[in-house]
file final_5.txt (compact mmCIF, N, CA and C atoms)
# COMPACT_ATOMS: atom_id res chain seq x y z
N MET A 886 0.84 -1.19 0.00
CA MET A 886 0.00 0.00 0.00
C MET A 886 0.88 1.25 0.00
N ARG A 887 1.88 1.26 0.88
CA ARG A 887 2.79 2.42 0.96
C ARG A 887 3.56 2.58 -0.35
N ALA A 888 3.97 1.47 -0.96
CA ALA A 888 4.70 1.53 -2.23
C ALA A 888 3.83 2.12 -3.33
N ARG A 889 2.55 1.75 -3.36
CA ARG A 889 1.63 2.30 -4.35
C ARG A 889 1.45 3.81 -4.16
N MET A 890 1.38 4.22 -2.91
CA MET A 890 1.21 5.64 -2.62
C MET A 890 2.45 6.42 -3.07
N LEU A 891 3.63 5.89 -2.80
CA LEU A 891 4.87 6.55 -3.23
C LEU A 891 4.96 6.57 -4.75
N LEU A 892 4.58 5.49 -5.39
CA LEU A 892 4.58 5.45 -6.85
C LEU A 892 3.61 6.49 -7.41
N GLY A 893 2.45 6.61 -6.81
CA GLY A 893 1.47 7.61 -7.24
C GLY A 893 2.01 9.02 -7.10
N LEU A 894 2.69 9.29 -5.98
CA LEU A 894 3.29 10.62 -5.78
C LEU A 894 4.39 10.89 -6.79
N ALA A 895 5.19 9.87 -7.10
CA ALA A 895 6.27 10.03 -8.08
C ALA A 895 5.69 10.33 -9.46
N VAL A 896 4.64 9.62 -9.85
CA VAL A 896 3.99 9.86 -11.15
C VAL A 896 3.41 11.27 -11.19
N ALA A 897 2.79 11.71 -10.11
CA ALA A 897 2.22 13.06 -10.05
C ALA A 897 3.33 14.12 -10.16
N ALA A 898 4.45 13.89 -9.50
CA ALA A 898 5.57 14.85 -9.56
C ALA A 898 6.12 14.95 -10.98
N VAL A 899 6.24 13.81 -11.66
CA VAL A 899 6.72 13.81 -13.04
C VAL A 899 5.74 14.55 -13.93
N ALA A 900 4.45 14.33 -13.73
CA ALA A 900 3.43 15.01 -14.54
C ALA A 900 3.48 16.52 -14.35
N VAL A 901 3.66 16.96 -13.10
CA VAL A 901 3.76 18.40 -12.82
C VAL A 901 5.01 18.97 -13.49
N PHE A 902 6.13 18.28 -13.36
CA PHE A 902 7.38 18.74 -13.99
C PHE A 902 7.23 18.80 -15.51
N ALA A 903 6.65 17.78 -16.10
CA ALA A 903 6.48 17.74 -17.56
C ALA A 903 5.57 18.87 -18.03
N THR A 904 4.52 19.17 -17.29
CA THR A 904 3.62 20.25 -17.65
C THR A 904 4.33 21.59 -17.55
N ALA A 905 5.10 21.80 -16.49
CA ALA A 905 5.83 23.05 -16.32
C ALA A 905 6.87 23.20 -17.43
N TYR A 906 7.54 22.13 -17.78
CA TYR A 906 8.54 22.18 -18.83
C TYR A 906 7.89 22.48 -20.18
N ALA A 907 6.76 21.86 -20.46
CA ALA A 907 6.07 22.07 -21.73
C ALA A 907 5.64 23.52 -21.89
N ALA A 908 5.29 24.19 -20.79
CA ALA A 908 4.87 25.58 -20.87
C ALA A 908 6.01 26.49 -21.32
N ASP A 909 7.26 26.10 -21.03
CA ASP A 909 8.42 26.90 -21.40
C ASP A 909 8.97 26.55 -22.78
N GLU A 910 8.44 25.51 -23.40
CA GLU A 910 8.94 25.11 -24.71
C GLU A 910 8.62 26.16 -25.76
N ILE A 911 9.48 26.23 -26.75
CA ILE A 911 9.29 27.17 -27.85
C ILE A 911 8.43 26.49 -28.90
N LYS A 912 7.45 27.19 -29.38
CA LYS A 912 6.55 26.65 -30.41
C LYS A 912 7.20 26.80 -31.78
N VAL A 913 7.35 25.69 -32.50
CA VAL A 913 7.96 25.74 -33.83
C VAL A 913 6.98 25.42 -34.96
N GLU A 914 5.70 25.29 -34.63
CA GLU A 914 4.70 25.06 -35.66
C GLU A 914 4.70 26.26 -36.61
N GLY A 915 4.79 25.99 -37.91
CA GLY A 915 4.78 27.06 -38.90
C GLY A 915 6.14 27.73 -39.11
N ILE A 916 7.15 27.31 -38.36
CA ILE A 916 8.49 27.90 -38.47
C ILE A 916 9.30 27.09 -39.48
N LYS A 917 9.98 27.79 -40.36
CA LYS A 917 10.79 27.14 -41.40
C LYS A 917 12.26 27.07 -40.98
N CYS A 918 12.96 26.10 -41.52
CA CYS A 918 14.38 25.89 -41.28
C CYS A 918 15.17 27.13 -41.71
N VAL A 919 16.14 27.53 -40.91
CA VAL A 919 16.97 28.69 -41.22
C VAL A 919 17.80 28.47 -42.49
N VAL A 920 18.24 27.24 -42.73
CA VAL A 920 19.09 26.94 -43.89
C VAL A 920 18.25 26.53 -45.10
N ALA A 921 17.40 25.53 -44.92
CA ALA A 921 16.53 25.05 -46.01
C ALA A 921 15.17 25.71 -45.81
N GLY A 922 15.05 26.95 -46.20
CA GLY A 922 13.91 27.81 -45.88
C GLY A 922 12.53 27.32 -46.21
N THR A 923 12.37 26.29 -47.04
CA THR A 923 11.04 25.81 -47.39
C THR A 923 10.59 24.64 -46.53
N LYS A 924 11.52 24.05 -45.78
CA LYS A 924 11.19 22.88 -44.96
C LYS A 924 10.88 23.30 -43.53
N ASP A 925 9.97 22.54 -42.90
CA ASP A 925 9.57 22.84 -41.52
C ASP A 925 10.71 22.56 -40.55
N ALA A 926 10.89 23.49 -39.61
CA ALA A 926 11.87 23.30 -38.54
C ALA A 926 11.30 22.34 -37.51
N LYS A 927 12.18 21.63 -36.85
CA LYS A 927 11.79 20.68 -35.81
C LYS A 927 12.45 21.06 -34.49
N ALA A 928 11.70 20.95 -33.41
CA ALA A 928 12.21 21.33 -32.09
C ALA A 928 13.45 20.54 -31.69
N ALA A 929 13.56 19.31 -32.15
CA ALA A 929 14.70 18.47 -31.78
C ALA A 929 15.99 18.89 -32.47
N ASN A 930 15.89 19.66 -33.55
CA ASN A 930 17.06 20.07 -34.33
C ASN A 930 17.37 21.54 -34.06
N ALA A 931 17.92 21.83 -32.90
CA ALA A 931 18.15 23.22 -32.50
C ALA A 931 19.60 23.43 -32.08
N VAL A 932 20.05 24.65 -32.26
CA VAL A 932 21.36 25.06 -31.74
C VAL A 932 21.21 26.41 -31.04
N ASP A 933 22.09 26.68 -30.10
CA ASP A 933 22.09 27.95 -29.38
C ASP A 933 22.55 29.07 -30.32
N TYR A 934 21.89 30.23 -30.19
CA TYR A 934 22.22 31.38 -31.02
C TYR A 934 21.76 32.65 -30.33
N LYS A 935 22.66 33.54 -30.06
CA LYS A 935 22.37 34.86 -29.45
C LYS A 935 21.54 34.76 -28.18
N GLY A 936 21.75 33.75 -27.39
CA GLY A 936 21.00 33.60 -26.15
C GLY A 936 19.67 32.89 -26.31
N GLY A 937 19.35 32.49 -27.52
CA GLY A 937 18.12 31.74 -27.78
C GLY A 937 18.45 30.47 -28.52
N LYS A 938 17.50 29.94 -29.25
CA LYS A 938 17.71 28.73 -30.04
C LYS A 938 17.16 28.96 -31.44
N VAL A 939 17.88 28.46 -32.44
CA VAL A 939 17.36 28.44 -33.80
C VAL A 939 17.14 26.99 -34.19
N PHE A 940 16.17 26.78 -35.07
CA PHE A 940 15.69 25.44 -35.38
C PHE A 940 15.87 25.12 -36.85
N PHE A 941 16.10 23.83 -37.12
CA PHE A 941 16.41 23.35 -38.46
C PHE A 941 15.55 22.14 -38.78
N CYS A 942 15.49 21.81 -40.07
CA CYS A 942 14.69 20.67 -40.51
C CYS A 942 15.39 19.33 -40.22
N CYS A 943 16.72 19.34 -40.21
CA CYS A 943 17.49 18.12 -39.98
C CYS A 943 18.77 18.48 -39.26
N MET A 944 19.56 17.51 -38.89
CA MET A 944 20.80 17.80 -38.17
C MET A 944 21.97 18.10 -39.10
N ASN A 945 21.78 18.08 -40.42
CA ASN A 945 22.82 18.52 -41.34
C ASN A 945 22.82 20.04 -41.47
N CYS A 946 21.66 20.66 -41.37
CA CYS A 946 21.56 22.11 -41.54
C CYS A 946 22.35 22.90 -40.49
N PRO A 947 22.39 22.47 -39.22
CA PRO A 947 23.20 23.22 -38.26
C PRO A 947 24.69 23.28 -38.66
N LYS A 948 25.16 22.26 -39.36
CA LYS A 948 26.56 22.28 -39.82
C LYS A 948 26.76 23.39 -40.85
N ALA A 949 25.85 23.53 -41.78
CA ALA A 949 25.93 24.59 -42.78
C ALA A 949 25.80 25.96 -42.11
N PHE A 950 24.91 26.06 -41.13
CA PHE A 950 24.71 27.29 -40.38
C PHE A 950 25.99 27.69 -39.64
N SER A 951 26.60 26.75 -38.95
CA SER A 951 27.81 27.03 -38.19
C SER A 951 28.99 27.38 -39.09
N ALA A 952 29.03 26.80 -40.29
CA ALA A 952 30.12 27.08 -41.22
C ALA A 952 30.06 28.50 -41.77
N ASP A 953 28.87 29.11 -41.84
CA ASP A 953 28.73 30.47 -42.37
C ASP A 953 27.54 31.16 -41.70
N THR A 954 27.65 31.41 -40.41
CA THR A 954 26.56 32.01 -39.64
C THR A 954 26.13 33.35 -40.23
N ALA A 955 27.07 34.15 -40.70
CA ALA A 955 26.73 35.47 -41.26
C ALA A 955 25.77 35.36 -42.44
N LYS A 956 25.93 34.31 -43.24
CA LYS A 956 25.07 34.10 -44.41
C LYS A 956 23.61 33.89 -44.00
N PHE A 957 23.39 33.28 -42.85
CA PHE A 957 22.05 32.92 -42.40
C PHE A 957 21.55 33.80 -41.24
N ALA A 958 22.31 34.83 -40.87
CA ALA A 958 22.00 35.64 -39.69
C ALA A 958 20.61 36.26 -39.74
N ALA A 959 20.24 36.87 -40.86
CA ALA A 959 18.92 37.53 -40.94
C ALA A 959 17.79 36.53 -40.73
N LYS A 960 17.92 35.35 -41.34
CA LYS A 960 16.88 34.32 -41.18
C LYS A 960 16.85 33.80 -39.74
N ALA A 961 18.02 33.64 -39.14
CA ALA A 961 18.08 33.17 -37.74
C ALA A 961 17.49 34.23 -36.81
N ASN A 962 17.82 35.50 -37.04
CA ASN A 962 17.28 36.58 -36.22
C ASN A 962 15.76 36.66 -36.38
N HIS A 963 15.28 36.51 -37.62
CA HIS A 963 13.84 36.50 -37.87
C HIS A 963 13.18 35.36 -37.09
N GLN A 964 13.82 34.20 -37.11
CA GLN A 964 13.25 33.05 -36.41
C GLN A 964 13.18 33.30 -34.90
N LEU A 965 14.17 33.99 -34.33
CA LEU A 965 14.12 34.32 -32.90
C LEU A 965 12.89 35.18 -32.59
N VAL A 966 12.54 36.09 -33.48
CA VAL A 966 11.36 36.94 -33.28
C VAL A 966 10.09 36.13 -33.53
N ALA A 967 10.06 35.35 -34.60
CA ALA A 967 8.87 34.56 -34.94
C ALA A 967 8.54 33.53 -33.86
N THR A 968 9.55 33.02 -33.16
CA THR A 968 9.31 32.05 -32.09
C THR A 968 9.16 32.72 -30.73
N LYS A 969 9.10 34.05 -30.75
CA LYS A 969 8.88 34.86 -29.54
C LYS A 969 10.00 34.75 -28.51
N GLN A 970 11.19 34.39 -28.97
CA GLN A 970 12.35 34.39 -28.08
C GLN A 970 12.96 35.78 -27.99
N ALA A 971 12.77 36.58 -29.04
CA ALA A 971 13.27 37.95 -29.07
C ALA A 971 12.06 38.89 -29.11
N LYS A 972 12.12 39.93 -28.32
CA LYS A 972 11.05 40.92 -28.26
C LYS A 972 11.56 42.24 -28.82
N GLN A 973 10.69 42.94 -29.48
CA GLN A 973 11.08 44.21 -30.07
C GLN A 973 11.16 45.29 -29.00
N ALA A 974 12.24 46.07 -29.04
CA ALA A 974 12.45 47.15 -28.09
C ALA A 974 12.51 48.51 -28.78
N ALA A 975 12.74 48.53 -30.10
CA ALA A 975 12.90 49.80 -30.82
C ALA A 975 12.68 49.58 -32.32
N CYS A 976 12.68 50.66 -33.07
CA CYS A 976 12.57 50.60 -34.53
C CYS A 976 13.86 50.01 -35.10
N PRO A 977 13.77 49.05 -36.01
CA PRO A 977 14.98 48.45 -36.56
C PRO A 977 15.82 49.40 -37.42
N PHE A 978 15.23 50.49 -37.87
CA PHE A 978 15.96 51.44 -38.72
C PHE A 978 16.58 52.59 -37.94
N THR A 979 15.82 53.13 -36.97
CA THR A 979 16.30 54.32 -36.25
C THR A 979 16.72 54.04 -34.82
N GLY A 980 16.25 52.93 -34.24
CA GLY A 980 16.53 52.64 -32.84
C GLY A 980 15.62 53.41 -31.89
N GLU A 981 14.65 54.14 -32.43
CA GLU A 981 13.73 54.93 -31.61
C GLU A 981 12.52 54.10 -31.19
N ALA A 982 11.74 54.64 -30.27
CA ALA A 982 10.53 53.97 -29.77
C ALA A 982 9.57 53.69 -30.92
N VAL A 983 8.86 52.57 -30.82
CA VAL A 983 7.94 52.18 -31.89
C VAL A 983 6.53 52.68 -31.62
N ASP A 984 5.79 52.84 -32.71
CA ASP A 984 4.38 53.20 -32.68
C ASP A 984 3.64 51.93 -33.10
N SER A 985 2.84 51.37 -32.21
CA SER A 985 2.16 50.10 -32.50
C SER A 985 1.24 50.19 -33.72
N ALA A 986 0.83 51.38 -34.10
CA ALA A 986 -0.03 51.55 -35.28
C ALA A 986 0.72 51.26 -36.58
N THR A 987 2.04 51.16 -36.52
CA THR A 987 2.85 50.92 -37.73
C THR A 987 3.20 49.44 -37.89
N ALA A 988 2.65 48.58 -37.08
CA ALA A 988 3.02 47.16 -37.09
C ALA A 988 2.62 46.46 -38.39
N ILE A 989 3.53 45.60 -38.86
CA ILE A 989 3.26 44.74 -40.02
C ILE A 989 3.72 43.33 -39.68
N LYS A 990 3.24 42.37 -40.45
CA LYS A 990 3.68 40.98 -40.32
C LYS A 990 4.73 40.71 -41.39
N VAL A 991 5.83 40.11 -40.97
CA VAL A 991 6.89 39.73 -41.90
C VAL A 991 7.13 38.24 -41.70
N SER A 992 6.56 37.44 -42.58
CA SER A 992 6.69 35.98 -42.51
C SER A 992 6.42 35.45 -41.10
N GLY A 993 5.31 35.86 -40.52
CA GLY A 993 4.90 35.36 -39.22
C GLY A 993 5.41 36.14 -38.02
N ALA A 994 6.29 37.09 -38.22
CA ALA A 994 6.82 37.90 -37.12
C ALA A 994 6.25 39.31 -37.21
N GLU A 995 5.71 39.79 -36.11
CA GLU A 995 5.18 41.15 -36.11
C GLU A 995 6.29 42.13 -35.78
N VAL A 996 6.36 43.20 -36.58
CA VAL A 996 7.38 44.23 -36.40
C VAL A 996 6.70 45.59 -36.50
N ALA A 997 7.07 46.49 -35.60
CA ALA A 997 6.55 47.86 -35.63
C ALA A 997 7.71 48.82 -35.87
N PHE A 998 7.36 50.03 -36.25
CA PHE A 998 8.37 51.04 -36.60
C PHE A 998 8.07 52.34 -35.85
N CYS A 999 8.99 53.25 -35.91
CA CYS A 999 8.82 54.52 -35.20
C CYS A 999 7.85 55.45 -35.93
N CYS A 1000 7.74 55.29 -37.25
CA CYS A 1000 6.91 56.20 -38.04
C CYS A 1000 6.45 55.51 -39.33
N ASP A 1001 5.56 56.16 -40.03
CA ASP A 1001 5.06 55.61 -41.29
C ASP A 1001 6.13 55.58 -42.38
N MET A 1002 7.11 56.47 -42.29
CA MET A 1002 8.17 56.47 -43.28
C MET A 1002 8.99 55.16 -43.17
N CYS A 1003 9.33 54.77 -41.96
CA CYS A 1003 10.07 53.52 -41.76
C CYS A 1003 9.20 52.32 -42.15
N LYS A 1004 7.92 52.38 -41.80
CA LYS A 1004 6.99 51.31 -42.19
C LYS A 1004 6.95 51.18 -43.71
N GLY A 1005 6.86 52.30 -44.40
CA GLY A 1005 6.83 52.30 -45.86
C GLY A 1005 8.10 51.73 -46.46
N LYS A 1006 9.23 52.05 -45.87
CA LYS A 1006 10.52 51.51 -46.33
C LYS A 1006 10.50 49.98 -46.24
N ALA A 1007 9.98 49.47 -45.13
CA ALA A 1007 9.92 48.02 -44.94
C ALA A 1007 8.94 47.38 -45.91
N GLU A 1008 7.78 47.97 -46.06
CA GLU A 1008 6.76 47.40 -46.95
C GLU A 1008 7.22 47.39 -48.41
N ALA A 1009 8.03 48.37 -48.80
CA ALA A 1009 8.49 48.46 -50.18
C ALA A 1009 9.64 47.51 -50.50
N ALA A 1010 10.27 46.97 -49.50
CA ALA A 1010 11.45 46.13 -49.70
C ALA A 1010 11.09 44.79 -50.33
N ASP A 1011 11.91 44.36 -51.29
CA ASP A 1011 11.73 43.03 -51.89
C ASP A 1011 12.10 41.94 -50.89
N ASP A 1012 13.15 42.17 -50.12
CA ASP A 1012 13.63 41.20 -49.14
C ASP A 1012 13.49 41.79 -47.75
N LYS A 1013 12.28 41.72 -47.22
CA LYS A 1013 11.98 42.30 -45.92
C LYS A 1013 12.80 41.66 -44.80
N ILE A 1014 12.99 40.35 -44.87
CA ILE A 1014 13.71 39.66 -43.81
C ILE A 1014 15.14 40.18 -43.70
N THR A 1015 15.84 40.31 -44.82
CA THR A 1015 17.21 40.81 -44.77
C THR A 1015 17.24 42.26 -44.31
N LEU A 1016 16.34 43.08 -44.78
CA LEU A 1016 16.32 44.50 -44.40
C LEU A 1016 16.05 44.68 -42.91
N ILE A 1017 15.07 43.98 -42.38
CA ILE A 1017 14.61 44.20 -41.00
C ILE A 1017 15.39 43.38 -39.97
N PHE A 1018 15.87 42.20 -40.38
CA PHE A 1018 16.47 41.30 -39.40
C PHE A 1018 17.97 41.08 -39.57
N ALA A 1019 18.63 41.82 -40.47
CA ALA A 1019 20.09 41.74 -40.57
C ALA A 1019 20.66 42.12 -39.20
N ASP A 1020 21.86 41.65 -38.90
CA ASP A 1020 22.43 41.85 -37.56
C ASP A 1020 22.36 43.30 -37.07
N LYS A 1021 22.71 44.26 -37.91
CA LYS A 1021 22.73 45.66 -37.47
C LYS A 1021 21.33 46.12 -37.03
N ALA A 1022 20.32 45.85 -37.84
CA ALA A 1022 18.94 46.23 -37.50
C ALA A 1022 18.43 45.43 -36.32
N PHE A 1023 18.71 44.13 -36.30
CA PHE A 1023 18.25 43.27 -35.21
C PHE A 1023 18.83 43.72 -33.88
N ASP A 1024 20.14 43.97 -33.86
CA ASP A 1024 20.80 44.38 -32.60
C ASP A 1024 20.28 45.73 -32.11
N LYS A 1025 19.85 46.57 -33.02
CA LYS A 1025 19.31 47.88 -32.67
C LYS A 1025 17.89 47.77 -32.09
N ALA A 1026 17.13 46.80 -32.57
CA ALA A 1026 15.70 46.78 -32.28
C ALA A 1026 15.19 45.65 -31.39
N PHE A 1027 15.91 44.55 -31.30
CA PHE A 1027 15.36 43.38 -30.62
C PHE A 1027 16.26 42.90 -29.49
N LYS A 1028 15.65 42.32 -28.48
CA LYS A 1028 16.37 41.75 -27.34
C LYS A 1028 15.88 40.33 -27.12
N VAL A 1029 16.83 39.39 -27.04
CA VAL A 1029 16.47 38.01 -26.76
C VAL A 1029 16.16 37.88 -25.28
N GLU A 1030 15.01 37.30 -24.99
CA GLU A 1030 14.59 37.10 -23.60
C GLU A 1030 15.09 35.76 -23.11
N LYS A 1031 15.88 35.79 -22.09
CA LYS A 1031 16.43 34.56 -21.49
C LYS A 1031 15.33 33.88 -20.69
N LYS A 1032 15.24 32.56 -20.82
CA LYS A 1032 14.23 31.80 -20.06
C LYS A 1032 14.87 31.21 -18.85
call {"tool": "encode", "arguments": {"input": "final_5.txt", "output": "structure tokens"}}
result
Amino acid sequence: MRARMLLGLAVAAVAVFATAYAADEIKVEGIKCVVAGTKDAKAANAVDYKGGKVFFCCMNCPKAFSADTAKFAAKANHQLVATKQAKQAACPFTGEAVDSATAIKVSGAEVAFCCDMCKGKAEAADDKITLIFADKAFDKAFKVEKK
């Protein structure tokens, strides 16, 4: 009887721990691989990056990423924002406070700007991800939240 009670408590403790851990997990549904941009990223295929994690479709992609991180930086930075690991603190172009009325969606990541002129610059860009999430703009505007 005592053994059953202890076993029941152990199972309950594991369930509580698993639930708490699941709440802190990063959601990768709808997130694409940083290297193979058309394939879905998987939570199991992650590497540390700028205090967060970036996700890949397979374990070969992290090798390509590590070999030339600068080549994939804008996509990795975008993924940090899209997975809500990085929060916006300023306009990516000016570094000034953002106006929430200027917010746009960029491949699943919401980004706001300080003014309509900056918003227009972003909307007119052919490659919004590179313009908004390149290292210089990302470092000016976004902060990775440590868990």
call {"tool": "residues_around", "arguments": {"input": "final_5.txt", "residues": "Asp925 in chain A", "least_positions_apart": "4", "cutoff": "6 Å", "atoms": "only N, CA and C atoms", "output": "ChimeraX atom specification"}}
result
/A:916-918,941-942
call {"tool": "closest_residue", "arguments": {"input": "final_5.txt", "among": "A:Gly980, A:Gly937, A:Gly1005, A:Pro947", "to": "Val1029 in chain A", "atoms": "all atoms listed in the file"}}
result
A:Gly937
call {"tool": "closest_atom_pairs", "arguments": {"input": "final_5.txt", "of": "range 900-961 of chain A", "to": "range 1013-1019 of chain A", "cutoff": "8 Å", "atoms": "all atoms listed in the file", "output": "JSON lines"}}
result
{"residue": "A:Ala958", "atom": "C", "partner": "A:Phe1018", "partner_atom": "C", "distance": 5.5}
{"residue": "A:Ala959", "atom": "CA", "partner": "A:Phe1018", "partner_atom": "C", "distance": 3.9}
{"residue": "A:Lys960", "atom": "N", "partner": "A:Phe1018", "partner_atom": "C", "distance": 6.0}
{"residue": "A:Ala961", "atom": "C", "partner": "A:Phe1018", "partner_atom": "C", "distance": 7.4}
call {"tool": "atom_distance", "arguments": {"input": "final_5.txt", "atom1": "CA of Ser992 in chain A", "atom2": "atom C of Glu1030 in chain A"}}
result
21.1 Å
call {"tool": "atom_distance", "arguments": {"input": "final_5.txt", "atom1": "CA of Cys1003 in chain A", "atom2": "atom C of Cys976 in chain A"}}
result
8.4 Å
call {"tool": "atom_distance", "arguments": {"input": "final_5.txt", "atom1": "CA of Ala994 in chain A", "atom2": "CA of His963 in chain A"}}
result
7.2 Å
call {"tool": "closest_residue", "arguments": {"input": "final_5.txt", "among": "A:Ala928, A:Ala1026, A:Val991, A:Ala967", "to": "Ala1010 in chain A", "atoms": "only C-alpha atoms"}}
result
A:Val991
call {"tool": "select_by_dssp", "arguments": {"input": "final_5.txt", "residues": "chain A", "states": "strand (DSSP E)", "output": "PyMOL selection string"}}
result
chain A and resi 927-934+937-941+971-973+984-991+994-998+1027-1029
call {"tool": "select_by_dssp", "arguments": {"input": "final_5.txt", "residues": "range 888-1013 of chain A", "states": "helix (DSSP H, G or I)", "output": "PyMOL selection string"}}
result
chain A and resi 888-909+946-952+954-967+1001-1009+1013
call {"tool": "closest_residue", "arguments": {"input": "final_5.txt", "among": "A:Asp1012, A:Glu914, A:Asp1024, A:Glu981", "to": "Cys1000 in chain A", "atoms": "only N, CA and C atoms"}}
result
A:Glu981
call {"tool": "closest_residue", "arguments": {"input": "final_5.txt", "among": "A:Val932, A:Lys938, A:Met1002, A:Gly922", "to": "Gln970 in chain A", "atoms": "all atoms listed in the file"}}
result
A:Lys938
call {"tool": "closest_residue", "arguments": {"input": "final_5.txt", "among": "A:Gln973, A:Asn962, A:Thr968, A:Thr987", "to": "Lys1021 in chain A", "atoms": "only C-alpha atoms"}}
result
A:Asn962
call {"tool": "residues_around", "arguments": {"input": "final_5.txt", "residues": "Val939 in chain A", "least_positions_apart": "4", "cutoff": "8 Å", "atoms": "only C-alpha atoms", "output": "ChimeraX atom specification"}}
result
/A:919,931-934,961,964-965
